[in-house]
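Trainee: Below is model.tsv; it holds TSV, C-alpha atoms.
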chain	number	residue	atom	x	y	z
A	1	CYS	CA	12.85	-25.42	-0.07
A	2	GLY	CA	15.59	-23.85	2.05
A	3	GLN	CA	14.93	-20.67	3.99
A	4	GLN	CA	11.73	-20.69	6.04
A	5	LEU	CA	9.49	-17.65	6.17
A	6	GLN	CA	9.55	-16.00	9.59
A	7	PRO	CA	6.72	-13.46	9.63
A	8	ASP	CA	7.16	-10.15	11.43
A	9	THR	CA	3.90	-10.55	13.33
A	10	HIS	CA	4.08	-7.07	14.87
A	11	ALA	CA	4.38	-5.41	11.45
A	12	ILE	CA	1.63	-7.59	9.99
A	13	SER	CA	-0.65	-6.85	12.95
A	14	ALA	CA	0.00	-3.13	12.57
A	15	ALA	CA	-0.72	-3.25	8.84
A	16	TRP	CA	-3.91	-5.26	9.35
A	17	GLY	CA	-4.87	-2.94	12.21
A	18	CYS	CA	-5.06	-0.10	9.71
A	19	PHE	CA	-7.52	-2.09	7.64
A	20	SER	CA	-9.56	-3.27	10.62
A	21	GLU	CA	-11.39	0.06	10.79
A	22	VAL	CA	-13.02	-0.66	7.45
A	23	ALA	CA	-16.49	-1.98	8.14
A	24	SER	CA	-17.24	-3.61	4.80
A	25	LEU	CA	-18.11	-7.28	4.35
A	26	GLU	CA	-15.47	-7.63	1.62
A	27	PHE	CA	-12.71	-6.66	4.05
A	28	ALA	CA	-13.99	-9.20	6.56
A	29	GLN	CA	-13.82	-11.81	3.78
A	30	LEU	CA	-10.32	-10.66	2.81
A	31	ARG	CA	-9.08	-11.03	6.39
A	32	GLN	CA	-10.62	-14.53	6.57
A	33	THR	CA	-9.00	-15.46	3.27
A	34	PHE	CA	-5.65	-14.10	4.49
A	35	ALA	CA	-5.88	-16.04	7.75
A	36	ALA	CA	-6.84	-19.29	6.00
A	37	THR	CA	-4.16	-18.87	3.34
A	38	HIS	CA	-1.51	-17.99	5.90
A	39	ALA	CA	-2.44	-21.05	7.97
A	40	ALA	CA	-2.30	-23.30	4.90
A	41	GLN	CA	1.05	-21.89	3.77
A	42	THR	CA	2.46	-22.18	7.29
A	43	GLN	CA	1.48	-25.85	7.41
A	44	GLY	CA	2.49	-26.44	3.81
A	45	GLU	CA	0.53	-28.33	1.21
A	46	ASP	CA	1.42	-31.68	2.77
A	47	GLY	CA	0.76	-30.54	6.35
A	48	GLY	CA	4.40	-30.07	7.30
A	49	GLY	CA	6.84	-27.20	7.08
A	50	ALA	CA	6.48	-23.50	6.44
A	51	ALA	CA	6.09	-21.60	3.20
A	52	CYS	CA	9.42	-20.42	1.84
A	53	VAL	CA	10.69	-16.96	1.10
A	54	GLY	CA	10.39	-16.29	-2.60
A	55	GLU	CA	7.52	-18.71	-3.23
A	56	PRO	CA	4.64	-16.95	-5.01
A	57	LEU	CA	1.39	-16.36	-3.19
A	58	THR	CA	-1.11	-18.92	-4.44
A	59	TRP	CA	-4.38	-17.09	-3.86
A	60	THR	CA	-6.19	-14.15	-5.43
A	61	PRO	CA	-7.72	-11.73	-2.95
A	62	LEU	CA	-11.28	-10.44	-3.30
A	63	ILE	CA	-9.97	-6.93	-2.75
A	64	GLN	CA	-6.63	-5.77	-4.14
A	65	LEU	CA	-4.29	-3.18	-2.64
A	66	GLN	CA	-2.63	-0.58	-4.82
A	67	TRP	CA	-0.19	1.83	-3.18
A	68	PHE	CA	0.63	5.16	-4.84
A	69	ALA	CA	3.68	6.94	-3.40
A	70	PRO	CA	7.00	8.54	-4.39
A	71	PHE	CA	8.73	5.14	-4.21
A	72	TYR	CA	11.52	6.14	-6.58
A	73	SER	CA	12.07	9.68	-5.28
A	74	GLY	CA	13.85	9.34	-1.92
A	75	GLY	CA	12.80	11.29	1.18
A	76	GLY	CA	10.36	10.66	4.01
A	77	TYR	CA	7.25	9.69	2.04
A	78	SER	CA	9.39	7.35	-0.09
A	79	SER	CA	11.11	5.52	2.78
A	80	GLU	CA	7.86	5.12	4.70
A	81	ALA	CA	5.97	3.77	1.68
A	82	ILE	CA	8.80	1.38	0.83
A	83	SER	CA	8.72	0.05	4.42
A	84	TYR	CA	4.97	-0.60	4.32
A	85	VAL	CA	4.96	-2.18	0.88
A	86	THR	CA	8.05	-4.32	1.46
A	87	GLU	CA	6.34	-6.02	4.39
A	88	LEU	CA	2.87	-6.18	2.82
A	89	THR	CA	4.14	-7.84	-0.39
A	90	LYS	CA	5.18	-10.84	1.72
A	91	TRP	CA	1.51	-11.46	2.51
A	92	LEU	CA	-0.64	-9.74	-0.11
A	93	HIS	CA	-0.80	-9.05	-3.81
A	94	VAL	CA	0.20	-5.36	-3.71
A	95	GLY	CA	0.56	-3.16	-6.75
A	96	ILE	CA	2.47	0.13	-6.66
A	97	ARG	CA	2.67	3.26	-8.79
A	98	GLN	CA	5.08	6.17	-8.64
A	99	HIS	CA	3.07	9.15	-7.39
A	100	GLY	CA	3.44	12.59	-5.91
A	101	ASP	CA	7.04	13.37	-6.86
A	102	SER	CA	9.48	12.98	-9.72
A	103	LEU	CA	11.79	10.04	-10.26
A	104	ASN	CA	15.25	10.43	-8.68
A	105	HIS	CA	17.62	8.31	-10.80
A	106	ASP	CA	20.49	8.51	-8.26
A	107	PHE	CA	18.22	7.31	-5.45
A	108	THR	CA	16.82	4.49	-7.58
A	109	ALA	CA	20.30	3.38	-8.71
A	110	GLY	CA	21.38	3.12	-5.06
A	111	LEU	CA	18.56	0.81	-3.96
A	112	PRO	CA	19.57	-2.76	-3.03
A	113	THR	CA	18.92	-5.30	-5.80
A	114	GLU	CA	16.40	-7.31	-3.74
A	115	LEU	CA	14.38	-4.15	-3.02
A	116	LYS	CA	14.50	-3.09	-6.67
A	117	ASN	CA	13.15	-6.53	-7.63
A	118	THR	CA	10.33	-6.29	-5.05
A	119	LEU	CA	9.31	-2.81	-6.23
A	120	SER	CA	9.62	-3.76	-9.89
A	121	GLY	CA	7.36	-6.79	-9.43
A	122	ALA	CA	4.78	-4.71	-7.57
A	123	THR	CA	4.95	-2.01	-10.28
A	124	ARG	CA	4.12	-4.57	-12.99
A	125	ARG	CA	1.19	-6.10	-11.09
A	126	ARG	CA	-2.13	-5.50	-12.87
A	127	MET	CA	-5.13	-4.43	-10.81
A	128	ASP	CA	-8.89	-4.46	-11.35
A	129	VAL	CA	-9.59	-0.89	-10.21
A	130	SER	CA	-13.19	-1.64	-9.22
A	131	ARG	CA	-11.88	-4.18	-6.67
A	132	THR	CA	-8.93	-2.08	-5.53
A	133	VAL	CA	-8.23	-0.26	-2.30
A	134	GLN	CA	-6.02	2.61	-3.34
A	135	VAL	CA	-3.65	4.26	-0.86
A	136	CYS	CA	-2.56	7.73	-1.95
A	137	HIS	CA	0.61	8.20	0.10
A	138	SER	CA	1.57	11.80	-0.58
A	139	GLU	CA	0.61	15.32	0.31
A	140	PRO	CA	-3.07	15.92	-0.55
A	141	GLY	CA	-2.27	18.40	-3.33
A	142	ALA	CA	-1.25	15.37	-5.42
A	143	TRP	CA	-4.58	13.60	-4.97
A	144	SER	CA	-7.04	13.48	-7.87
A	145	VAL	CA	-10.02	14.78	-5.87
A	146	PRO	CA	-11.15	16.00	-8.34
A	147	THR	CA	-7.80	16.94	-9.93
A	148	PRO	CA	-4.24	17.13	-8.58
A	149	ASN	CA	-2.57	20.51	-8.17
A	150	TYR	CA	0.37	19.33	-10.29
A	151	HIS	CA	1.20	16.61	-12.83
A	152	THR	CA	1.37	13.13	-11.26
A	153	SER	CA	-0.30	9.73	-11.56
A	154	GLU	CA	-4.04	9.59	-10.91
A	155	CYS	CA	-4.75	8.67	-7.30
A	156	PRO	CA	-7.36	7.85	-6.36
A	157	SER	CA	-9.16	6.57	-9.40
A	158	PRO	CA	-12.85	7.56	-9.35
A	159	ASN	CA	-13.64	3.84	-9.80
A	160	ALA	CA	-11.54	2.55	-6.88
A	161	ALA	CA	-13.45	0.39	-4.40
A	162	TYR	CA	-12.02	2.30	-1.42
A	163	LYS	CA	-9.80	5.40	-1.19
A	164	ILE	CA	-7.26	5.99	1.58
A	165	GLY	CA	-5.13	9.09	1.97
A	166	ARG	CA	-1.83	8.71	3.83
A	167	THR	CA	-0.10	11.98	4.57
A	168	MET	CA	1.87	13.91	7.15
A	169	PHE	CA	2.54	17.57	7.65
A	170	GLU	CA	4.20	19.16	10.69
A	171	THR	CA	1.86	22.04	11.46
A	172	ASP	CA	-0.82	23.21	13.88
A	173	ARG	CA	-3.43	23.82	11.14
A	174	LEU	CA	-4.46	22.40	7.80
A	175	PRO	CA	-3.02	24.10	4.70
A	176	ASP	CA	-5.47	25.90	2.41
A	177	GLY	CA	-7.33	23.52	0.12
A	178	TRP	CA	-6.66	20.41	2.18
A	179	PRO	CA	-10.01	20.03	4.02
A	180	SER	CA	-12.01	19.33	0.86
A	181	ARG	CA	-9.33	16.91	-0.38
A	182	LEU	CA	-9.27	15.03	2.93
A	183	LEU	CA	-13.06	14.78	3.01
A	184	ALA	CA	-13.12	13.31	-0.51
A	185	MET	CA	-11.31	10.18	0.72
A	186	ASP	CA	-12.96	7.22	2.47
A	187	GLU	CA	-10.26	7.17	5.13
A	188	ILE	CA	-7.22	9.26	6.17
A	189	TRP	CA	-4.09	7.80	7.82
A	190	VAL	CA	-1.77	10.16	9.68
A	191	PRO	CA	1.09	9.48	12.12
A	192	THR	CA	-0.62	10.74	15.26
A	193	GLU	CA	-2.81	9.60	18.11
Could you render the structure from this file as structure tokens?
Mentor:
Amino acid sequence: CGQQLQPDTHAISAAWGCFSEVASLEFAQLRQTFAATHAAQTQGEDGGGAACVGEPLTWTPLIQLQWFAPFYSGGGYSSEAISYVTELTKWLHVGIRQHGDSLNHDFTAGLPTELKNTLSGATRRRMDVSRTVQVCHSEPGAWSVPTPNYHTSECPSPNAAYKIGRTMFETDRLPDGWPSRLLAMDEIWVPTE
């Protein structure tokens, strides 16, 4: 099969660390499924060799991850979301949707082909919303809790299994209208300690 998969264990641990705060049984099952699948793929079907880059994942998770962000817009939210999803798609079935900002054709045209292919595949992935953890990676004004402040894709869906808000804002206080939006999510991720 050629090139062997060399996992970035620090990045995977960090990504799974975010999920480890979720206290549901389904997430415990998902982590067990991930560990068992990763072990099987590392050993290979015949007990020897590692899974190869580019081979499709062969399992369907109990919970699906759908990431909403300005993937095709450029800027800080875009680059951060692309970094997370690029690593997570190596290990999980991740779906993505453009969210929170308009499409920047110049930015999109300048993306490397391999990254375009990764994002395109994740964009086409179908999700069962009732089994989906949705990450709304944007400023909270874009979140559908109950409605966004401007036109964008719906995130989170009212039927999502779990709703995570990922945002950042350099300030010493919350902007008007944010507290109720933050409280409407199951979890909030911010870059702070």
Trainee: Please provide as a list in words all residues within 7 Å of stretch 107-117 of chain A, with the sequence filter that same-chain residues fewer than 3 positions apart are discarded (counting all atoms listed in the file).
Mentor: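 Here the answer would be Tyr72, Ser73, Gly74, Asn104, Ser120 and Gly121 of chain A.
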Trainee: Any chance you can output those residues with C-alpha atoms as a PDB file, in the frame of the given file?
Mentor:
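See out-v7.pdb below for the written result:
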ATOM      1  CA  TYR A  72      11.520   6.140  -6.580  1.00  0.00           C
ATOM      2  CA  SER A  73      12.070   9.680  -5.280  1.00  0.00           C
ATOM      3  CA  GLY A  74      13.850   9.340  -1.920  1.00  0.00           C
ATOM      4  CA  ASN A 104      15.250  10.430  -8.680  1.00  0.00           C
ATOM      5  CA  SER A 120       9.620  -3.760  -9.890  1.00  0.00           C
ATOM      6  CA  GLY A 121       7.360  -6.790  -9.430  1.00  0.00           C
TER       7      GLY A 121
END
Trainee: Please, what distance in Å, to one decimal, runs between atom CA of A:Gln134 and atom CA of A:His93?
Mentor: 12.8 Å
Trainee: Residues near A:Ile164, anyone? I mean within 10 Å using only C-alpha atoms, not counting same-chain ones fewer than 4 positions away, as a list in words.
Mentor: Trp67, Val133, Gln134, Val135, Cys136, His137, Cys155, Pro156, Leu182, Ala184, Met185, Asp186, Glu187, Ile188 and Trp189 of chain A
Trainee: At what distance in Å, to one decimal, does atom CA of A:Ala142 lie from atom CA of A:Arg173?
Mentor: 18.7 Å
Trainee: Neighbourhood query: residues within 7 Å of (-15.1, 2.6, -8.9), file coordinates, counting all atoms listed in the file; return as a VMD selection string.
Mentor: chain A and resid 129 to 130 158 to 161
Trainee: What does the distance from atom CA of A:Gly95 to atom CA of A:Ser78 come to in Å, to one decimal?
Mentor: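 The value is 15.3 Å.
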Trainee: Taking into account only C-alpha atoms, which residue in the set A:His105, A:Gln66, A:Asn149, A:Gly76 is nearest to A:Lys163?
Mentor: A:Gln66
Trainee: Nearest residue to A:Arg124 out of A:Ile82, A:Gln98, A:Leu174, A:Val190, using all atoms listed in the file?
Mentor: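 Under the stated criterion, the closest residue is A:Gln98.
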Trainee: From the options A:Gln64, A:Thr171, A:Ser138, A:Thr86, which residue's atoms come nearest to A:Ser153, counting all atoms listed in the file?
Mentor: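 Of A:Gln64, A:Thr171, A:Ser138, A:Thr86, the one nearest A:Ser153, counting all atoms listed in the file, is A:Ser138.
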